[in-house]
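Input: a single structure, listed below in structure tokens.
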Amino acid sequence: MVGPRIRALRNRRGRKVTQQELAAWLQAMGLDIDQPALSRIERGERLIADFEMATVAQALGVEIGKLFPGLSAWEG
């Protein structure tokens, strides 16, 4: 559920970020997620921990609720 949202946020209009770029940002922030792991997350083949979601949201410049589609109270 979260993986496709990460992909969509990464590829949003006007600010396309490659998986490699996002993985580099995450590693610089102290999170050990490389490009292949990020790809597996986006495809739903790897679970993502809550602390990882918080860092991914921060790297993408969004509130953590933006990673959860359909939770309108969080999507503000």
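Residue numbering restarts at 1 for every chain of the structure tokens, chains are lettered A, B, ... in their displayed order, and ligands are numbered from 1 as they appear.
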Quick one: residues within 8 Å of region 42-53 of chain A, only C-alpha atoms counted, chain neighbours fewer than 5 positions away excluded, as a list in words?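 Everything that qualifies: Met1, Val2, Gly3, Pro4, Arg5, Ile6, Arg7, Leu31, Ala37, Ile64 and Leu67 of chain A.
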Distance table requested - region 32-61 of chain A against region 10-17 of chain A, cut-off 12 Å, only C-alpha atoms: one row per qualifying residue with the closest atom pair and its distance in Å to one decimal, ordered by chain and rising residue number, as CSV.
residue,atom,partner,partner_atom,distance
A:Leu38,CA,A:Arg10,CA,11.3
A:Ser39,CA,A:Arg10,CA,11.9
A:Glu42,CA,A:Arg10,CA,10.4
A:Val56,CA,A:Arg10,CA,10.1
A:Ala57,CA,A:Arg10,CA,10.2
A:Ala59,CA,A:Arg10,CA,9.8
A:Leu60,CA,A:Arg10,CA,6.9
A:Gly61,CA,A:Arg10,CA,10.0
Write the selection just made, keeping C-alpha atoms, as a compact mmCIF listing (two decimals), in the first residue's frame?
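Written output follows (again_22.txt):
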# COMPACT_ATOMS: atom_id res chain seq x y z
CA LEU A 38 13.65 0.80 -2.52
CA SER A 39 12.54 -0.89 -5.74
CA GLU A 42 7.70 0.23 -4.30
CA VAL A 56 11.22 8.42 3.54
CA ALA A 57 8.50 11.02 4.09
CA ALA A 59 13.36 12.83 2.38
CA LEU A 60 10.44 13.40 0.00
CA GLY A 61 9.42 16.56 1.85
Selected residue, from A:Ala54, A:Lys66, A:Met29, A:Ala23, that lies nearest to Ala8 (chain A) when counting only C-alpha atoms: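 The closest residue to Ala8 (chain A) is A:Lys66.
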Using Å and a single decimal, report how far CA of Asp34 (chain A) sits from CA of Thr18 (chain A).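 Atom-to-atom, CA of Thr18 (chain A) and CA of Asp34 (chain A) are spaced 12.0 Å apart.
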Could you write out, as a compact mmCIF listing (two decimals) with C-alpha atoms, in the first residue's frame, all the residues of chain A that DSSP marks as alpha helix (DSSP H)?
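As written to disk, out35.txt reads:
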# COMPACT_ATOMS: atom_id res chain seq x y z
CA VAL A 2 2.79 2.44 0.86
CA GLY A 3 5.15 1.45 -1.95
CA PRO A 4 3.04 2.79 -4.83
CA ARG A 5 2.57 6.07 -2.92
CA ILE A 6 6.32 6.40 -2.51
CA ARG A 7 6.72 5.91 -6.27
CA ALA A 8 3.98 8.45 -7.01
CA LEU A 9 5.48 11.04 -4.66
CA ARG A 10 8.94 10.41 -6.08
CA GLN A 19 15.22 5.60 -6.95
CA GLN A 20 19.00 5.98 -6.84
CA GLU A 21 18.72 9.62 -5.74
CA LEU A 22 16.16 8.82 -3.05
CA ALA A 23 18.25 5.91 -1.80
CA ALA A 24 21.30 8.19 -1.58
CA TRP A 25 19.29 10.77 0.39
CA LEU A 26 18.03 8.06 2.74
CA GLN A 27 21.53 6.73 3.30
CA ALA A 28 22.79 10.26 4.01
CA GLN A 35 18.15 1.31 -4.66
CA PRO A 36 17.27 -2.40 -4.98
CA ALA A 37 15.56 -2.35 -1.56
CA LEU A 38 13.65 0.80 -2.52
CA SER A 39 12.54 -0.89 -5.74
CA ARG A 40 11.25 -3.90 -3.74
CA ILE A 41 9.38 -1.55 -1.38
CA GLU A 42 7.70 0.23 -4.30
CA ASP A 50 7.54 2.71 10.68
CA PHE A 51 10.87 4.46 11.33
CA GLU A 52 11.77 3.93 7.67
CA MET A 53 8.47 5.49 6.56
CA ALA A 54 9.15 8.56 8.68
CA THR A 55 12.57 9.01 7.06
CA VAL A 56 11.22 8.42 3.54
CA ALA A 57 8.50 11.02 4.09
CA GLN A 58 11.09 13.48 5.38
CA ALA A 59 13.36 12.83 2.38
CA LEU A 60 10.44 13.40 0.00
